Structures are given as C-alpha cells and as structure tokens.
file entry.cif (mmCIF, C-alpha atoms)
data_upload
#
loop_
_atom_site.label_atom_id
_atom_site.label_comp_id
_atom_site.auth_asym_id
_atom_site.auth_seq_id
_atom_site.Cartn_x
_atom_site.Cartn_y
_atom_site.Cartn_z
CA MET R 1 181.00 -75.86 115.74
CA TYR R 2 177.55 -76.36 117.31
CA LYS R 3 174.51 -76.36 115.04
CA ASP R 4 171.06 -75.63 116.47
CA ASN R 5 169.39 -78.11 114.15
CA ALA R 6 172.01 -80.84 114.49
CA GLU R 7 170.52 -84.30 114.86
CA THR R 8 171.18 -86.02 118.14
CA PRO R 9 172.00 -89.74 118.32
CA ARG R 10 168.51 -90.31 119.66
CA SER R 11 166.88 -88.56 116.66
CA LYS R 12 169.10 -90.54 114.27
CA ARG R 13 167.95 -93.73 115.98
CA ALA R 14 164.38 -92.57 115.46
CA CYS R 15 165.18 -92.17 111.74
CA TRP R 16 166.12 -95.83 111.56
CA ASN R 17 163.01 -96.81 113.52
CA ARG R 18 160.86 -95.08 110.89
CA ILE R 19 162.71 -96.74 108.00
CA GLU R 20 162.52 -100.08 109.77
CA ALA R 21 158.75 -99.68 110.23
CA VAL R 22 158.31 -99.26 106.47
CA ILE R 23 160.62 -102.23 105.78
CA ASN R 24 158.57 -104.36 108.16
CA MET R 25 155.34 -103.18 106.55
CA ALA R 26 156.76 -104.19 103.16
CA GLN R 27 157.81 -107.55 104.61
CA MET R 28 161.25 -107.32 102.99
CA THR R 29 164.83 -107.59 104.08
CA THR R 30 166.81 -104.37 104.25
CA ASN R 31 168.74 -105.18 101.07
CA ALA R 32 165.61 -106.20 99.16
CA PHE R 33 163.88 -103.01 100.31
CA ALA R 34 166.86 -100.93 99.16
CA ARG R 35 166.77 -102.49 95.71
CA HIS R 36 162.97 -102.13 95.56
CA ILE R 37 163.14 -98.36 96.13
CA GLY R 38 165.94 -97.98 93.59
CA LEU R 39 169.09 -97.93 95.73
CA PRO R 40 171.97 -99.94 94.25
CA ARG R 41 172.67 -101.53 97.64
CA GLY R 42 171.52 -101.37 101.23
CA GLU R 43 174.59 -99.48 102.52
CA ASN R 44 172.67 -96.19 102.62
CA LEU R 45 170.11 -97.76 104.92
CA TYR R 46 172.76 -99.38 107.11
CA GLN R 47 174.40 -95.96 107.55
CA ILE R 48 171.09 -94.70 108.92
CA LYS R 49 170.85 -97.76 111.16
CA ARG R 50 174.35 -97.06 112.56
CA GLY R 51 173.34 -93.46 113.25
CA ASN R 52 175.76 -91.96 110.74
CA ASN R 53 173.04 -90.48 108.54
CA GLY R 54 169.45 -89.32 108.78
CA VAL R 55 166.63 -89.70 106.30
CA SER R 56 167.37 -87.55 103.25
CA LEU R 57 164.74 -85.98 101.03
CA ASP R 58 165.91 -88.21 98.16
CA LEU R 59 165.43 -91.34 100.27
CA ALA R 60 161.99 -90.18 101.44
CA ASN R 61 160.98 -89.48 97.83
CA ARG R 62 162.13 -92.94 96.75
CA ILE R 63 160.15 -94.61 99.53
CA VAL R 64 156.99 -92.59 98.90
CA ALA R 65 157.23 -93.30 95.16
CA LYS R 66 156.94 -97.03 95.89
CA PHE R 67 154.76 -96.82 99.02
CA SER R 68 152.35 -93.95 98.42
CA GLU R 69 150.46 -94.68 101.62
CA VAL R 70 153.50 -93.68 103.71
CA SER R 71 153.64 -90.04 104.81
CA LYS R 72 156.73 -88.18 103.59
CA LEU R 73 156.47 -85.77 106.53
CA TRP R 74 156.52 -88.70 108.94
CA LEU R 75 159.55 -90.23 107.19
CA LEU R 76 161.51 -87.00 107.37
CA THR R 77 160.51 -85.72 110.82
CA GLY R 78 158.50 -88.34 112.65
CA ASP R 79 155.56 -85.92 112.88
CA GLY R 80 152.06 -87.18 112.24
CA PRO R 81 150.89 -90.68 111.39
CA MET R 82 152.96 -93.14 109.38
CA LEU R 83 150.18 -93.88 106.91
CA ILE R 84 148.18 -91.35 104.96
CA GLU R 85 144.44 -91.83 105.20
CA LYS R 86 142.96 -92.40 101.80
CA THR R 87 139.51 -90.94 101.35
CA GLU R 88 137.10 -92.12 98.74
CA PRO R 89 136.00 -89.54 96.24
CA ALA R 90 132.55 -88.19 96.94
CA ARG R 91 129.85 -90.10 95.17
CA LEU R 92 126.76 -88.48 93.85
CA THR R 93 123.47 -89.70 95.19
CA PRO R 94 120.99 -90.69 92.50
CA TRP R 95 118.94 -87.58 93.28
CA ALA R 96 121.94 -85.27 92.84
CA TYR R 97 122.87 -86.99 89.61
CA PHE R 98 119.36 -86.68 88.15
CA ALA R 99 118.94 -83.10 89.35
CA GLY R 100 122.31 -82.04 87.94
CA THR R 101 121.61 -83.65 84.59
CA ALA R 102 118.16 -82.06 84.34
CA LEU R 103 119.33 -78.66 85.53
CA HIS R 104 121.95 -78.49 82.82
CA ALA R 105 119.39 -79.34 80.13
CA LEU R 106 116.77 -76.95 81.54
CA ILE R 107 119.20 -74.03 81.69
CA ALA R 108 120.14 -74.68 78.07
CA LYS R 109 116.43 -74.53 77.14
CA ASP R 110 116.07 -71.25 79.09
CA VAL R 111 113.24 -72.60 81.29
CA ASP R 112 111.82 -70.35 84.04
CA TYR R 113 112.88 -71.61 87.50
CA PRO R 114 115.06 -74.44 86.18
CA GLU R 115 116.14 -75.43 89.69
CA LYS R 116 112.53 -76.20 90.70
CA SER R 117 111.92 -78.15 87.53
CA ALA R 118 115.18 -80.06 88.01
CA ALA R 119 114.27 -80.92 91.60
CA HIS R 120 110.82 -82.14 90.48
CA TYR R 121 112.43 -84.23 87.72
CA ALA R 122 114.97 -85.66 90.18
CA ASP R 123 112.19 -86.63 92.62
CA ARG R 124 110.32 -88.49 89.88
CA MET R 125 113.46 -90.23 88.64
CA VAL R 126 114.46 -91.34 92.15
CA GLU R 127 110.99 -92.83 92.63
CA LEU R 128 111.38 -94.82 89.40
CA TYR R 129 114.94 -95.74 90.39
CA ALA R 130 113.72 -97.04 93.76
CA LYS R 131 110.88 -99.05 92.15
CA ARG R 132 113.45 -100.86 90.04
CA GLY R 133 115.46 -101.70 93.17
CA GLY R 134 118.17 -99.16 92.46
CA ARG R 135 118.92 -100.55 89.01
CA GLN R 136 118.86 -98.54 85.84
#

call {"tool": "encode", "arguments": {"input": "entry.cif", "output": "structure tokens"}}
result
Amino acid sequence: MYKDNAETPRSKRACWNRIEAVINMAQMTTNAFARHIGLPRGENLYQIKRGNNGVSLDLANRIVAKFSEVSKLWLLTGDGPMLIEKTEPARLTPWAYFAGTALHALIAKDVDYPEKSAAHYADRMVELYAKRGGRQ
C-alpha cells in the first residue's frame, strides 16, 4: 500500500549523508561513533547507509545528547542548518549593573524618584570605574 509520507531512496540516502556529516565532524569511524552515542554496535548506522532505515527519534536524541551543537531538526528532516548557533548570554554594562544595584536599594529606602537617583549614582560609579581603567 502507498504511504504519502513514505521515504524515497533519495531521502534515505540524505539521512545517511546527515549522519555521515556528524561522524566526520566527530572525526570517528562509524563503529566508534556508534559506541560513543551509546549504540552496542554500528549495524544501526549501516542500515541507514544501505537505505533500509531512516534517522529515528531515538538515534537523533542519542546524537544530540553527545553533540549538543547539532540540530535535532536537521538530523531528522534535513531542514535548517546542521549546527545550532550558540549565543552568549547578555552581559550587563557597568552602568546597568550600578544603576540596577542602586535602584534596588533606593526603592527599599522609599526614596522619591529612585530611578533618577539610581541613574545619577550609576553615572558617578562609571566615572570612577573608568578612572581605574575598568578595574574594581
């Protein structure tokens, strides 16, 4: 019976190409890669290479658990980039740090216009910070 979402031989070959790209990135043999991701042997991967199987969710989860930079969506479907872009967490500027610290203390003291006082405090602290060459 025909299935609308059946994988074609070409799409199964693409599955192996994606797995192979990760293996090459890891600089391992297929068997070593299989053991590294927790498969008892490389037969599962060779079945994908022969076109008998596609990439299963379990296999994608195993790969992503060891190689967190690899996109699970890309492994499963081929959509998007292979590697996930890692973004650095936002860093506070010295001014924002000083203003936030002062604002919290000024609100606790119930000061009128604490945001203006905090901004003034932050300006003064940044000046001192800059005079010391950015060192505390």

call {"tool": "closest_residue", "arguments": {"input": "entry.cif", "among": "R:Arg124, R:Lys109, R:Arg35, R:Lys72", "to": "Trp95 (chain R)", "atoms": "all atoms listed in the file"}}
result
R:Arg124

call {"tool": "closest_residue", "arguments": {"input": "entry.cif", "among": "R:Leu106, R:Arg18, R:Pro94, R:Gly100", "to": "Val126 (chain R)", "atoms": "all atoms listed in the file"}}
result
R:Pro94

call {"tool": "residues_around", "arguments": {"input": "entry.cif", "residues": "Gln47 (chain R)", "least_positions_apart": "6", "cutoff": "12 Å", "atoms": "all atoms listed in the file", "output": "ChimeraX atom specification"}}
result
/R:12-13,15-16,19,30,41,53-56

call {"tool": "write_last_selection", "arguments": {"input": "entry.cif", "atoms": "C-alpha atoms", "output": "PDB file, in the coordinates of the input"}}
result
ATOM      1  CA  LYS R  12     169.100 -90.540 114.270  1.00  0.00           C
ATOM      2  CA  ARG R  13     167.950 -93.730 115.980  1.00  0.00           C
ATOM      3  CA  CYS R  15     165.180 -92.170 111.740  1.00  0.00           C
ATOM      4  CA  TRP R  16     166.120 -95.830 111.560  1.00  0.00           C
ATOM      5  CA  ILE R  19     162.710 -96.740 108.000  1.00  0.00           C
ATOM      6  CA  THR R  30     166.810-104.370 104.250  1.00  0.00           C
ATOM      7  CA  ARG R  41     172.670-101.530  97.640  1.00  0.00           C
ATOM      8  CA  ASN R  53     173.040 -90.480 108.540  1.00  0.00           C
ATOM      9  CA  GLY R  54     169.450 -89.320 108.780  1.00  0.00           C
ATOM     10  CA  VAL R  55     166.630 -89.700 106.300  1.00  0.00           C
ATOM     11  CA  SER R  56     167.370 -87.550 103.250  1.00  0.00           C
TER      12      SER R  56
END

call {"tool": "residues_near_point", "arguments": {"input": "entry.cif", "point": "(157.6, -89.3, 102.7)", "cutoff": "6 Å", "atoms": "all atoms listed in the file", "output": "ChimeraX atom specification"}}
result
/R:60-61,64,71-73,75

call {"tool": "residues_around", "arguments": {"input": "entry.cif", "residues": "Tyr121 (chain R)", "least_positions_apart": "2", "cutoff": "8 Å", "atoms": "all atoms listed in the file", "output": "PyMOL selection string"}}
result
chain R and resi 98-99+102+117-119+123-125

call {"tool": "closest_residue", "arguments": {"input": "entry.cif", "among": "R:Met28, R:Thr77, R:Arg62, R:Ala34", "to": "Ser11 (chain R)", "atoms": "only C-alpha atoms"}}
result
R:Thr77

call {"tool": "closest_residue", "arguments": {"input": "entry.cif", "among": "R:Leu57, R:Leu103, R:Ile63, R:Leu128", "to": "Ala26 (chain R)", "atoms": "only C-alpha atoms"}}
result
R:Ile63

call {"tool": "resolve_selection", "arguments": {"input": "entry.cif", "expression": "the PyMOL selection byres ((chain R and resi 83) around 7)", "output": "PDB file with C-alpha atoms, in the coordinates of the input"}}
result
ATOM      1  CA  GLU R  69     150.460 -94.680 101.620  1.00  0.00           C
ATOM      2  CA  VAL R  70     153.500 -93.680 103.710  1.00  0.00           C
ATOM      3  CA  SER R  71     153.640 -90.040 104.810  1.00  0.00           C
ATOM      4  CA  PRO R  81     150.890 -90.680 111.390  1.00  0.00           C
ATOM      5  CA  MET R  82     152.960 -93.140 109.380  1.00  0.00           C
ATOM      6  CA  ILE R  84     148.180 -91.350 104.960  1.00  0.00           C
ATOM      7  CA  GLU R  85     144.440 -91.830 105.200  1.00  0.00           C
TER       8      GLU R  85
END

call {"tool": "resolve_selection", "arguments": {"input": "entry.cif", "expression": "the PyMOL selection byres ((chain R and resi 31) around 12)", "output": "ChimeraX atom specification"}}
result
/R:20,23,27-30,32-46
